[in-house]
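**Q** Got a file for you: start-v1.txt, compact mmCIF, C-alpha atoms.
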# COMPACT_ATOMS: atom_id res chain seq x y z
CA MET V 29 28.04 3.60 -11.39
CA ILE V 30 25.89 1.85 -14.01
CA ALA V 31 24.70 -0.63 -11.37
CA LEU V 32 23.89 2.26 -9.03
CA VAL V 33 21.77 4.06 -11.64
CA LEU V 34 19.94 0.84 -12.53
CA ALA V 35 19.30 0.11 -8.85
CA LEU V 36 17.87 3.61 -8.33
CA GLY V 37 15.62 3.08 -11.34
CA SER V 38 14.51 -0.25 -9.93
CA SER V 39 13.73 1.35 -6.56
CA LEU V 40 11.69 4.10 -8.22
CA ALA V 41 9.76 1.59 -10.35
CA TYR V 42 9.03 -0.62 -7.31
CA GLY V 43 7.77 2.42 -5.39
CA CYS V 44 5.49 3.51 -8.24
CA ALA V 45 4.19 -0.04 -8.69
CA ASP V 46 3.35 -0.30 -4.98
CA PHE V 47 1.58 3.04 -5.05
CA LEU V 48 -0.57 2.07 -8.04
CA GLY V 49 -1.20 -1.38 -6.61
CA GLY V 50 -2.38 0.20 -3.39
CA LEU V 51 -4.75 2.46 -5.30
CA GLY V 52 -6.13 -0.52 -7.19
CA ALA V 53 -6.63 -2.52 -4.02
CA ARG V 54 -8.76 0.28 -2.56
CA LYS V 55 -11.51 -0.42 -5.06
CA ALA V 56 -11.65 -4.22 -4.85
CA HIS V 57 -10.19 -7.28 -3.15
CA VAL V 58 -6.43 -7.36 -3.51
CA LEU V 59 -6.53 -10.67 -5.39
CA ARG V 60 -8.70 -9.04 -8.04
CA THR V 61 -6.01 -6.42 -8.46
CA VAL V 62 -3.26 -9.04 -8.65
CA MET V 63 -5.30 -11.02 -11.20
CA ILE V 64 -4.78 -8.09 -13.57
CA ALA V 65 -1.33 -6.94 -12.44
CA ALA V 66 0.39 -10.33 -12.70
CA PRO V 67 -0.64 -11.16 -16.30
CA ALA V 68 0.10 -7.56 -17.36
CA SER V 69 3.55 -7.96 -15.87
CA LEU V 70 4.05 -11.19 -17.79
CA VAL V 71 3.02 -9.50 -21.05
CA VAL V 72 5.67 -6.81 -20.55
CA GLU V 73 8.36 -9.42 -19.99
CA LEU V 74 7.27 -11.36 -23.07
CA LEU V 75 7.57 -8.14 -25.10
CA LEU V 76 11.10 -7.67 -23.75
CA TRP V 77 12.09 -11.19 -24.79
CA PRO V 78 12.84 -10.37 -28.48
CA LEU V 79 14.70 -7.21 -27.48
CA LEU V 80 16.92 -8.58 -24.71
CA GLY V 81 16.94 -12.29 -25.47
CA ALA V 82 16.23 -15.16 -23.11
CA SER V 83 17.76 -18.50 -22.22
CA PHE V 84 15.73 -21.31 -20.68
CA ASP V 85 18.41 -23.74 -19.59
CA ALA V 86 17.88 -25.75 -16.41
CA ALA V 87 19.50 -23.19 -14.10
CA SER V 88 17.57 -20.24 -15.56
CA VAL V 89 14.25 -22.08 -15.28
CA ALA V 90 14.96 -23.34 -11.76
CA TRP V 91 16.01 -19.96 -10.35
CA GLY V 92 13.25 -18.18 -12.25
CA ALA V 93 10.60 -20.56 -10.92
CA ALA V 94 11.95 -20.17 -7.39
CA SER V 95 11.75 -16.38 -7.71
CA GLY V 96 8.16 -16.72 -8.95
CA VAL V 97 7.10 -18.79 -5.95
CA ALA V 98 8.81 -16.30 -3.64
CA SER V 99 7.08 -13.42 -5.43
CA ALA V 100 3.64 -15.02 -5.01
CA ALA V 101 4.34 -15.67 -1.32
CA ALA V 102 5.49 -12.06 -0.91
CA PHE V 103 2.20 -10.75 -2.34
CA VAL V 104 0.12 -12.88 0.03
CA LEU V 105 2.19 -12.24 3.14
CA LEU V 106 2.66 -8.52 2.49
CA TYR V 107 -0.99 -7.71 1.95
CA ARG V 108 -2.04 -9.91 4.87
CA THR V 109 0.52 -8.12 7.03
CA LEU V 110 -0.73 -4.68 6.06
CA ALA V 111 -4.35 -5.77 6.55
CA ILE V 112 -3.64 -6.73 10.17
CA GLY V 113 -1.57 -3.61 10.90
CA PRO V 114 -0.36 -1.36 12.30
CA MET V 115 1.17 -0.42 8.95
CA ASN V 116 3.47 2.22 10.40
CA VAL V 117 5.34 -0.49 12.33
CA LEU V 118 5.04 -3.50 10.04
CA SER V 119 5.95 -1.75 6.78
CA PRO V 120 9.46 -0.70 7.92
CA ILE V 121 10.08 -4.16 9.38
CA THR V 122 9.22 -5.76 6.05
CA ALA V 123 11.36 -3.29 4.11
CA LEU V 124 14.32 -3.73 6.48
CA VAL V 125 14.24 -7.54 6.28
CA SER V 126 13.91 -7.42 2.48
CA ALA V 127 17.07 -5.29 2.36
CA ALA V 128 19.17 -6.92 5.07
CA LEU V 129 18.95 -10.53 3.87
CA PRO V 130 20.31 -9.89 0.33
CA VAL V 131 23.04 -7.71 1.82
CA GLY V 132 24.07 -10.60 4.06
CA VAL V 133 24.01 -13.06 1.15
CA GLY V 134 26.15 -10.75 -0.98
CA LEU V 135 28.76 -10.30 1.74
CA LEU V 136 28.83 -14.04 2.47
CA GLN V 137 29.45 -14.69 -1.23
CA GLY V 138 32.62 -12.64 -1.02
CA GLU V 139 31.56 -9.16 -2.10
CA HIS V 140 33.91 -6.49 -0.71
CA LEU V 141 33.08 -2.87 0.06
CA ALA V 142 35.32 0.16 0.36
CA ALA V 143 35.14 2.43 3.40
CA ALA V 144 32.42 4.58 1.80
CA GLY V 145 30.34 1.49 1.09
CA MET V 146 30.72 0.17 4.64
CA LEU V 147 29.33 3.47 5.89
CA GLY V 148 26.69 3.82 3.18
CA LEU V 149 25.10 0.37 3.66
CA PRO V 150 23.99 0.79 7.30
CA LEU V 151 22.97 4.36 6.55
CA ALA V 152 20.75 3.11 3.74
CA LEU V 153 19.16 0.53 6.05
CA VAL V 154 18.35 3.31 8.52
CA ALA V 155 16.84 5.32 5.66
CA VAL V 156 14.63 2.37 4.67
CA VAL V 157 13.11 2.30 8.16
CA LEU V 158 12.68 6.06 8.46
CA VAL V 159 11.07 6.53 5.04
CA SER V 160 8.60 3.65 5.40
CA ALA V 161 7.63 4.33 9.03
CA GLY V 162 4.49 6.29 9.78
CA PRO V 163 3.65 8.72 12.61
CA GLY V 164 2.99 7.21 16.00
CA MET V 165 5.29 4.27 15.40
CA ARG V 166 6.55 4.14 18.98
CA SER V 167 3.06 3.93 20.47
CA SER V 168 1.83 1.14 18.15
CA ARG V 169 2.21 -2.45 19.26
CA PRO V 170 1.65 -5.14 16.64
CA SER V 171 0.62 -8.67 17.58
CA ARG V 172 3.06 -11.56 17.45
CA THR V 173 1.24 -12.93 14.40
CA ALA V 174 1.56 -9.60 12.60
CA LEU V 175 5.28 -9.43 13.37
CA LEU V 176 5.84 -12.96 12.06
CA LEU V 177 3.93 -12.12 8.88
CA ALA V 178 5.99 -8.94 8.44
CA PHE V 179 9.24 -10.90 8.75
CA GLY V 180 7.85 -13.53 6.38
CA ALA V 181 6.89 -10.92 3.79
CA GLY V 182 10.31 -9.30 3.97
CA ALA V 183 12.03 -12.67 3.69
CA ALA V 184 9.91 -13.62 0.66
CA ILE V 185 10.79 -10.36 -1.09
CA ALA V 186 14.46 -10.89 -0.25
CA LEU V 187 14.41 -14.45 -1.56
CA GLN V 188 12.87 -13.31 -4.83
CA LEU V 189 15.78 -10.89 -5.32
CA VAL V 190 18.42 -13.41 -4.26
CA PHE V 191 17.02 -16.08 -6.59
CA LEU V 192 17.07 -13.66 -9.53
CA HIS V 193 20.68 -12.84 -8.69
CA GLN V 194 21.60 -16.53 -8.78
CA ALA V 195 20.30 -17.00 -12.34
CA PRO V 196 23.01 -17.24 -15.03
CA ALA V 197 24.16 -13.84 -16.30
CA GLU V 198 23.73 -14.91 -19.93
CA SER V 199 20.09 -15.98 -19.44
CA GLY V 200 18.63 -12.63 -20.55
CA VAL V 201 15.06 -12.14 -19.35
CA GLY V 202 14.48 -15.90 -19.17
CA PRO V 203 14.35 -16.02 -15.32
CA LEU V 204 11.92 -13.07 -15.29
CA VAL V 205 9.58 -14.71 -17.81
CA VAL V 206 9.58 -18.02 -15.93
CA GLY V 207 9.20 -16.32 -12.56
CA ARG V 208 6.28 -14.18 -13.65
CA ALA V 209 4.57 -17.13 -15.33
CA VAL V 210 4.85 -19.11 -12.10
CA SER V 211 3.68 -16.25 -9.86
CA SER V 212 0.77 -15.53 -12.24
CA ALA V 213 -0.29 -19.18 -12.17
CA VAL V 214 -0.12 -19.25 -8.37
CA THR V 215 -2.09 -16.01 -7.86
CA LEU V 216 -4.71 -16.86 -10.47
CA SER V 217 -5.18 -20.30 -8.92
CA ALA V 218 -5.57 -18.71 -5.49
CA ALA V 219 -8.11 -16.24 -6.88
CA PHE V 220 -10.10 -19.09 -8.45
CA LEU V 221 -10.14 -21.10 -5.22
CA LEU V 222 -11.19 -18.04 -3.19
CA ARG V 223 -13.55 -16.59 -5.81
CA ARG V 224 -16.55 -16.64 -3.45
CA ARG V 225 -14.70 -14.44 -0.95
CA LEU V 226 -13.52 -11.79 -3.39
CA GLY V 227 -16.71 -9.74 -3.38
CA PRO V 228 -18.51 -8.16 -6.33
CA GLU V 229 -16.34 -5.02 -6.62
CA ARG V 230 -14.41 -4.65 -9.86
CA PRO V 231 -10.77 -3.53 -9.71
CA ALA V 232 -9.34 -0.49 -11.45
CA VAL V 233 -8.12 -2.25 -14.59
CA ALA V 234 -5.80 0.44 -15.96
CA VAL V 235 -4.22 1.19 -12.59
CA SER V 236 -3.73 -2.49 -11.77
CA ALA V 237 -2.22 -3.22 -15.19
CA ALA V 238 0.14 -0.25 -14.83
CA ALA V 239 1.25 -1.55 -11.44
CA GLY V 240 2.07 -4.91 -12.97
CA ALA V 241 3.95 -3.35 -15.87
CA LEU V 242 6.04 -1.20 -13.53
CA ASP V 243 6.80 -4.20 -11.35
CA SER V 244 8.22 -5.94 -14.43
CA VAL V 245 10.35 -2.90 -15.23
CA ALA V 246 11.60 -2.86 -11.63
CA ASN V 247 12.53 -6.55 -11.76
CA LEU V 248 14.35 -6.06 -15.07
CA LEU V 249 16.35 -3.09 -13.79
CA PHE V 250 17.23 -5.02 -10.62
CA LEU V 251 18.40 -8.00 -12.66
CA LEU V 252 20.56 -5.81 -14.89
CA ALA V 253 21.94 -4.00 -11.85
CA VAL V 254 23.09 -7.14 -10.02
CA ARG V 255 24.67 -8.42 -13.22
CA SER V 256 26.89 -5.35 -13.32
CA GLY V 257 27.34 -4.67 -9.60
CA ASP V 258 27.26 -6.13 -6.08
CA LEU V 259 24.09 -7.71 -4.69
CA ALA V 260 24.69 -6.07 -1.29
CA VAL V 261 24.71 -2.56 -2.77
CA VAL V 262 21.98 -3.08 -5.37
CA ALA V 263 19.58 -4.74 -2.92
CA VAL V 264 19.81 -2.02 -0.30
CA ILE V 265 19.25 0.73 -2.88
CA ALA V 266 16.28 -1.14 -4.37
CA ALA V 267 14.86 -1.42 -0.85
CA LEU V 268 14.55 2.38 -0.75
CA TYR V 269 11.36 1.97 -2.83
CA PRO V 270 9.13 3.37 -0.02
CA ALA V 271 10.63 6.79 -0.85
CA GLY V 272 8.95 6.75 -4.26
CA THR V 273 5.68 5.56 -2.73
CA VAL V 274 5.50 8.29 -0.08
CA LEU V 275 6.48 11.02 -2.55
CA LEU V 276 3.72 9.93 -4.93
CA ALA V 277 1.25 9.80 -2.06
CA ARG V 278 2.20 13.37 -1.18
CA ASN V 279 1.95 14.75 -4.72
CA VAL V 280 -1.07 12.74 -5.93
CA LEU V 281 -3.13 12.15 -2.79
CA GLY V 282 -2.00 15.17 -0.81
CA GLU V 283 -0.70 13.08 2.10
CA ARG V 284 1.67 14.88 4.42
CA LEU V 285 5.22 13.74 5.07
CA HIS V 286 6.09 13.69 8.75
CA ARG V 287 9.48 14.75 10.08
CA GLY V 288 10.90 11.23 10.32
CA GLN V 289 10.17 10.55 6.66
CA LEU V 290 11.83 13.80 5.61
CA ILE V 291 14.90 12.82 7.63
CA GLY V 292 14.76 9.42 5.96
CA LEU V 293 14.76 10.96 2.49
CA GLY V 294 17.82 13.02 3.36
CA THR V 295 19.51 9.97 4.87
CA ALA V 296 18.75 7.99 1.71
CA ALA V 297 20.36 10.68 -0.44
CA ALA V 298 23.48 10.64 1.74
CA ALA V 299 23.63 6.82 1.65
CA VAL V 300 23.32 6.69 -2.13
CA SER V 301 26.11 9.27 -2.44
CA LEU V 302 28.40 7.15 -0.26
CA LEU V 303 27.55 3.98 -2.17
CA ALA V 304 28.34 5.82 -5.42
CA LEU V 305 31.82 6.51 -4.06
CA ASN V 306 32.20 2.80 -3.33
When written as structure tokens, how does the structure in this file appear?
**A**
Amino acid sequence: MIALVLALGSSLAYGCADFLGGLGARKAHVLRTVMIAAPASLVVELLLWPLLGASFDAASVAWGAASGVASAAAFVLLYRTLAIGPMNVLSPITALVSAALPVGVGLLQGEHLAAAGMLGLPLALVAVVLVSAGPGMRSSRPSRTALLLAFGAGAAIALQLVFLHQAPAESGVGPLVVGRAVSSAVTLSAAFLLRRRLGPERPAVAVSAAAGALDSVANLLFLLAVRSGDLAVVAVIAALYPAGTVLLARNVLGERLHRGQLIGLGTAAAAVSLLALN
């Protein structure tokens, strides 16, 4: 139950971070937003270090660095995917892949689910697709390149989560600190190399920093969840983050929820209830 609550918190934080990151990217090039979000995220994790402790042994550093590289790749692939579009098709593909791969890894590593969990997992995967899909999904046809990028983005997100799960349980926030330092270095280097293409627009500093801070909170809650529960269950609940994004878009931006998304929210609630029984 503790793992379930932490996973729900992680999902909510990821959804809020994506929403704020999207708002920030509306005002300037996405790399300008990430240039603020990534260091802000690192600052939060450094502040957590004295509170939660950190170990930097070889395994913690290796898995943390791997998660950082995967995180940087996820940023690039995800935003490139959404730039090509159509978002209403590519977003659910990315979310589904990011959920399904960790579930598969968890089951292959010997995690066992009760009957409620075996029913709740596929139901949650269905909810991920329904919540993140937009209207007109059936009539939209993405290019082969866009589909490959969507799968790549989902795989990169999944690898980030799997790598964090592999880090030693006694490492504290060490893997998070290393991972964020690596991803910050990668994104800042990319921004420097592409500085002439970023345009003159300035990003929304407060919004971008808040997105980075929430992303750190989401990673922390995910890490704590998988240390007290099963990767298969935690990953699929964390992948419900589009629910938080669409609810914020409705309440803050006045965007309407279509029928499929409402069904998805109900399906997500049912799936979480079944996973709680597991």
**Q** To test the calculation: enclose all listed atoms of region 201-219 of chain V in a box whose edges run along x, y and z, add 8 Å on each side, then state centre and edge lengths in Å to one decimal, as JSON.
**A**
{"center_x": 3.5, "center_y": -16.2, "center_z": -12.4, "size_x": 39.2, "size_y": 24.2, "size_z": 29.9}
**Q** What is the CA of Ala45 (chain V) to CA of Ala239 (chain V) distance in Å?
**A** 4.3 Å
**Q** Tell me, as a list in words, which residues lie within 7 Å of Ala209 (chain V), counting all atoms listed in the file; anything in the same chain fewer than 4 positions away does not count.
**A**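 Here the qualifying residues turn out to be Leu70, Val205 and Ala213 of chain V.
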**Q** Check which residues of region 120-231 of chain V sit at most 10 Å from region 296-302 of chain V using all atoms listed in the file, and return one row each with the closest pair of atoms and their distance in Å to one decimal, ordered by chain and rising number, as a tab-separated table.
**A**
residue	atom	partner	partner_atom	distance
V:Ala142	CA	V:Leu302	CA	9.9
V:Ala143	CA	V:Leu302	CA	9.0
V:Ala144	CA	V:Leu302	CA	5.2
V:Gly145	CA	V:Leu302	CA	6.1
V:Met146	CA	V:Leu302	CA	8.8
V:Leu147	CA	V:Leu302	CA	7.2
V:Gly148	CA	V:Ala299	CA	4.6
V:Leu149	CA	V:Ala299	CA	6.9
V:Pro150	CA	V:Ala299	CA	8.3
V:Leu151	CA	V:Ala299	CA	5.5
V:Ala152	CA	V:Ala299	CA	5.1
V:Leu153	CA	V:Ala296	CA	8.6
V:Val154	CA	V:Ala296	CA	8.3
V:Ala155	CA	V:Ala296	CA	5.1
V:Val156	CA	V:Ala296	CA	7.6
V:Leu158	CA	V:Ala296	CA	9.3
V:Val159	CA	V:Ala296	CA	8.5
**Q** Of the residues V:Ala197, V:Leu226, V:Leu176, V:Ala127, which is the one nearest to Ala56 (chain V), using all atoms listed in the file?
**A**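 Using all atoms listed in the file, Ala56 (chain V) sits closest to V:Leu226.
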**Q** Between V:Gly37, V:Leu136, V:Asp243, V:Phe191, which one has atoms that come closest to Trp91 (chain V), using all atoms listed in the file?
**A**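 Of V:Gly37, V:Leu136, V:Asp243, V:Phe191, the one nearest Trp91 (chain V) is V:Phe191, counting all atoms listed in the file.
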**Q** With a distance cut-off of 12 Å and all atoms listed in the file, select the neighbouring residues of Thr215 (chain V), excluding the residue or stretch itself and same-chain residues fewer than 3 positions from it, and output the selection as an MDAnalysis selection string.
**A** chainID V and resid 58:67 96:104 208:212 218:223
**Q** Can you tell me, as a list of chain:residue names, what residues are no more than 7 Å from Leu105 (chain V) when counting all atoms listed in the file, ignoring any on the same chain fewer than 4 positions away?
**A**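 Final neighbour list, sorted by chain and number: V:Ala101, V:Thr109, V:Leu177, V:Gly180, V:Ala181.
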**Q** Would you kindly identify which residues have an atom no farther than 8 Å from (12.4, -2.1, -0.4), using all atoms listed in the file and the file's own coordinates, and write them out as a PyMOL selection string?
**A** chain V and resi 39+42+123-124+126-127+156+264-270
**Q** Give me the residues near Val262 (chain V) as a ChimeraX atom specification, where near means some atom within 8 Å (using all atoms listed in the file) and where sequence neighbours in that chain fewer than 2 positions away do not count.
**A** /V:31-32,35,250,253-254,257-260,264-266
**Q** CA of Ser69 (chain V) and CA of Ala241 (chain V), how far apart in Å?
**A**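 Between these atoms lies a distance of 4.6 Å.
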**Q** Between CA of Thr273 (chain V) and CA of Ala178 (chain V), measure the distance and give it in Å to one decimal.
**A** 18.3 Å
**Q** Taking all atoms listed in the file into account, which of V:Leu48, V:Val33, V:Val71, V:Ala232 comes nearest Ser244 (chain V)?
**A** V:Val71
**Q** Have a look at V:Leu192, V:Leu40, V:Leu34, V:Leu118 and name the one nearest to Ser171 (chain V); count all atoms listed in the file.
**A** V:Leu118
**Q** Have a look at V:Gly282, V:Gly202, V:Gly92, V:Pro228 and name the one nearest to Gln188 (chain V); count all atoms listed in the file.
**A** V:Gly92
**Q** Generate all heavy atoms for region 264-275 of chain V and emit them as a PDB file, in the coordinates of the input.
**A**
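Listing of out-v2.pdb after writing:
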ATOM      1  N   VAL V 264      20.155  -3.034  -1.300  1.00  0.00           N
ATOM      2  CA  VAL V 264      19.810  -2.020  -0.300  1.00  0.00           C
ATOM      3  C   VAL V 264      19.293  -0.744  -0.966  1.00  0.00           C
ATOM      4  O   VAL V 264      18.428  -0.049  -0.420  1.00  0.00           O
ATOM      5  CB  VAL V 264      21.014  -1.728   0.626  1.00  0.00           C
ATOM      6  CG1 VAL V 264      22.029  -0.839  -0.053  1.00  0.00           C
ATOM      7  CG2 VAL V 264      20.564  -1.094   1.936  1.00  0.00           C
ATOM      8  N   ILE V 265      19.781  -0.436  -2.165  1.00  0.00           N
ATOM      9  CA  ILE V 265      19.250   0.730  -2.880  1.00  0.00           C
ATOM     10  C   ILE V 265      17.850   0.439  -3.392  1.00  0.00           C
ATOM     11  O   ILE V 265      16.940   1.285  -3.300  1.00  0.00           O
ATOM     12  CB  ILE V 265      20.191   1.119  -4.036  1.00  0.00           C
ATOM     13  CG1 ILE V 265      21.506   1.650  -3.484  1.00  0.00           C
ATOM     14  CG2 ILE V 265      19.531   2.172  -4.933  1.00  0.00           C
ATOM     15  CD1 ILE V 265      22.524   2.007  -4.538  1.00  0.00           C
ATOM     16  N   ALA V 266      17.620  -0.774  -3.906  1.00  0.00           N
ATOM     17  CA  ALA V 266      16.280  -1.140  -4.370  1.00  0.00           C
ATOM     18  C   ALA V 266      15.279  -1.108  -3.221  1.00  0.00           C
ATOM     19  O   ALA V 266      14.098  -0.797  -3.430  1.00  0.00           O
ATOM     20  CB  ALA V 266      16.310  -2.528  -5.009  1.00  0.00           C
ATOM     21  N   ALA V 267      15.749  -1.407  -2.011  1.00  0.00           N
ATOM     22  CA  ALA V 267      14.860  -1.420  -0.850  1.00  0.00           C
ATOM     23  C   ALA V 267      14.430  -0.029  -0.422  1.00  0.00           C
ATOM     24  O   ALA V 267      13.576   0.111   0.468  1.00  0.00           O
ATOM     25  CB  ALA V 267      15.543  -2.127   0.325  1.00  0.00           C
ATOM     26  N   LEU V 268      14.986   1.004  -1.052  1.00  0.00           N
ATOM     27  CA  LEU V 268      14.550   2.380  -0.750  1.00  0.00           C
ATOM     28  C   LEU V 268      13.254   2.726  -1.476  1.00  0.00           C
ATOM     29  O   LEU V 268      12.862   3.888  -1.507  1.00  0.00           O
ATOM     30  CB  LEU V 268      15.656   3.372  -1.137  1.00  0.00           C
ATOM     31  CG  LEU V 268      16.940   3.314  -0.301  1.00  0.00           C
ATOM     32  CD1 LEU V 268      18.022   4.169  -0.937  1.00  0.00           C
ATOM     33  CD2 LEU V 268      16.670   3.777   1.126  1.00  0.00           C
ATOM     34  N   TYR V 269      12.589   1.715  -2.067  1.00  0.00           N
ATOM     35  CA  TYR V 269      11.360   1.970  -2.830  1.00  0.00           C
ATOM     36  C   TYR V 269      10.272   2.699  -2.055  1.00  0.00           C
ATOM     37  O   TYR V 269       9.461   3.410  -2.674  1.00  0.00           O
ATOM     38  CB  TYR V 269      10.809   0.633  -3.370  1.00  0.00           C
ATOM     39  CG  TYR V 269      10.355  -0.333  -2.315  1.00  0.00           C
ATOM     40  CD1 TYR V 269       9.066  -0.276  -1.786  1.00  0.00           C
ATOM     41  CD2 TYR V 269      11.202  -1.324  -1.831  1.00  0.00           C
ATOM     42  CE1 TYR V 269       8.652  -1.162  -0.819  1.00  0.00           C
ATOM     43  CE2 TYR V 269      10.793  -2.214  -0.870  1.00  0.00           C
ATOM     44  CZ  TYR V 269       9.511  -2.132  -0.367  1.00  0.00           C
ATOM     45  OH  TYR V 269       9.107  -3.017   0.606  1.00  0.00           O
ATOM     46  N   PRO V 270      10.173   2.592  -0.701  1.00  0.00           N
ATOM     47  CA  PRO V 270       9.130   3.370  -0.020  1.00  0.00           C
ATOM     48  C   PRO V 270       9.250   4.873  -0.249  1.00  0.00           C
ATOM     49  O   PRO V 270       8.260   5.596  -0.135  1.00  0.00           O
ATOM     50  CB  PRO V 270       9.334   3.015   1.459  1.00  0.00           C
ATOM     51  CG  PRO V 270       9.954   1.657   1.430  1.00  0.00           C
ATOM     52  CD  PRO V 270      10.870   1.688   0.239  1.00  0.00           C
ATOM     53  N   ALA V 271      10.462   5.360  -0.582  1.00  0.00           N
ATOM     54  CA  ALA V 271      10.630   6.790  -0.850  1.00  0.00           C
ATOM     55  C   ALA V 271       9.765   7.219  -2.033  1.00  0.00           C
ATOM     56  O   ALA V 271       9.089   8.256  -1.994  1.00  0.00           O
ATOM     57  CB  ALA V 271      12.098   7.108  -1.119  1.00  0.00           C
ATOM     58  N   GLY V 272       9.780   6.426  -3.100  1.00  0.00           N
ATOM     59  CA  GLY V 272       8.950   6.750  -4.260  1.00  0.00           C
ATOM     60  C   GLY V 272       7.469   6.687  -3.925  1.00  0.00           C
ATOM     61  O   GLY V 272       6.676   7.526  -4.385  1.00  0.00           O
ATOM     62  N   THR V 273       7.083   5.711  -3.096  1.00  0.00           N
ATOM     63  CA  THR V 273       5.680   5.560  -2.730  1.00  0.00           C
ATOM     64  C   THR V 273       5.178   6.763  -1.936  1.00  0.00           C
ATOM     65  O   THR V 273       4.110   7.318  -2.216  1.00  0.00           O
ATOM     66  CB  THR V 273       5.475   4.276  -1.914  1.00  0.00           C
ATOM     67  OG1 THR V 273       5.957   3.159  -2.665  1.00  0.00           O
ATOM     68  CG2 THR V 273       4.002   4.064  -1.602  1.00  0.00           C
ATOM     69  N   VAL V 274       5.961   7.185  -0.924  1.00  0.00           N
ATOM     70  CA  VAL V 274       5.500   8.290  -0.080  1.00  0.00           C
ATOM     71  C   VAL V 274       5.515   9.616  -0.837  1.00  0.00           C
ATOM     72  O   VAL V 274       4.671  10.490  -0.600  1.00  0.00           O
ATOM     73  CB  VAL V 274       6.333   8.394   1.212  1.00  0.00           C
ATOM     74  CG1 VAL V 274       6.211   7.133   2.040  1.00  0.00           C
ATOM     75  CG2 VAL V 274       7.797   8.694   0.918  1.00  0.00           C
ATOM     76  N   LEU V 275       6.462   9.788  -1.760  1.00  0.00           N
ATOM     77  CA  LEU V 275       6.480  11.020  -2.550  1.00  0.00           C
ATOM     78  C   LEU V 275       5.292  11.097  -3.494  1.00  0.00           C
ATOM     79  O   LEU V 275       4.686  12.159  -3.683  1.00  0.00           O
ATOM     80  CB  LEU V 275       7.796  11.126  -3.324  1.00  0.00           C
ATOM     81  CG  LEU V 275       9.047  11.431  -2.489  1.00  0.00           C
ATOM     82  CD1 LEU V 275      10.293  11.366  -3.357  1.00  0.00           C
ATOM     83  CD2 LEU V 275       8.927  12.805  -1.827  1.00  0.00           C
TER      84      LEU V 275
END
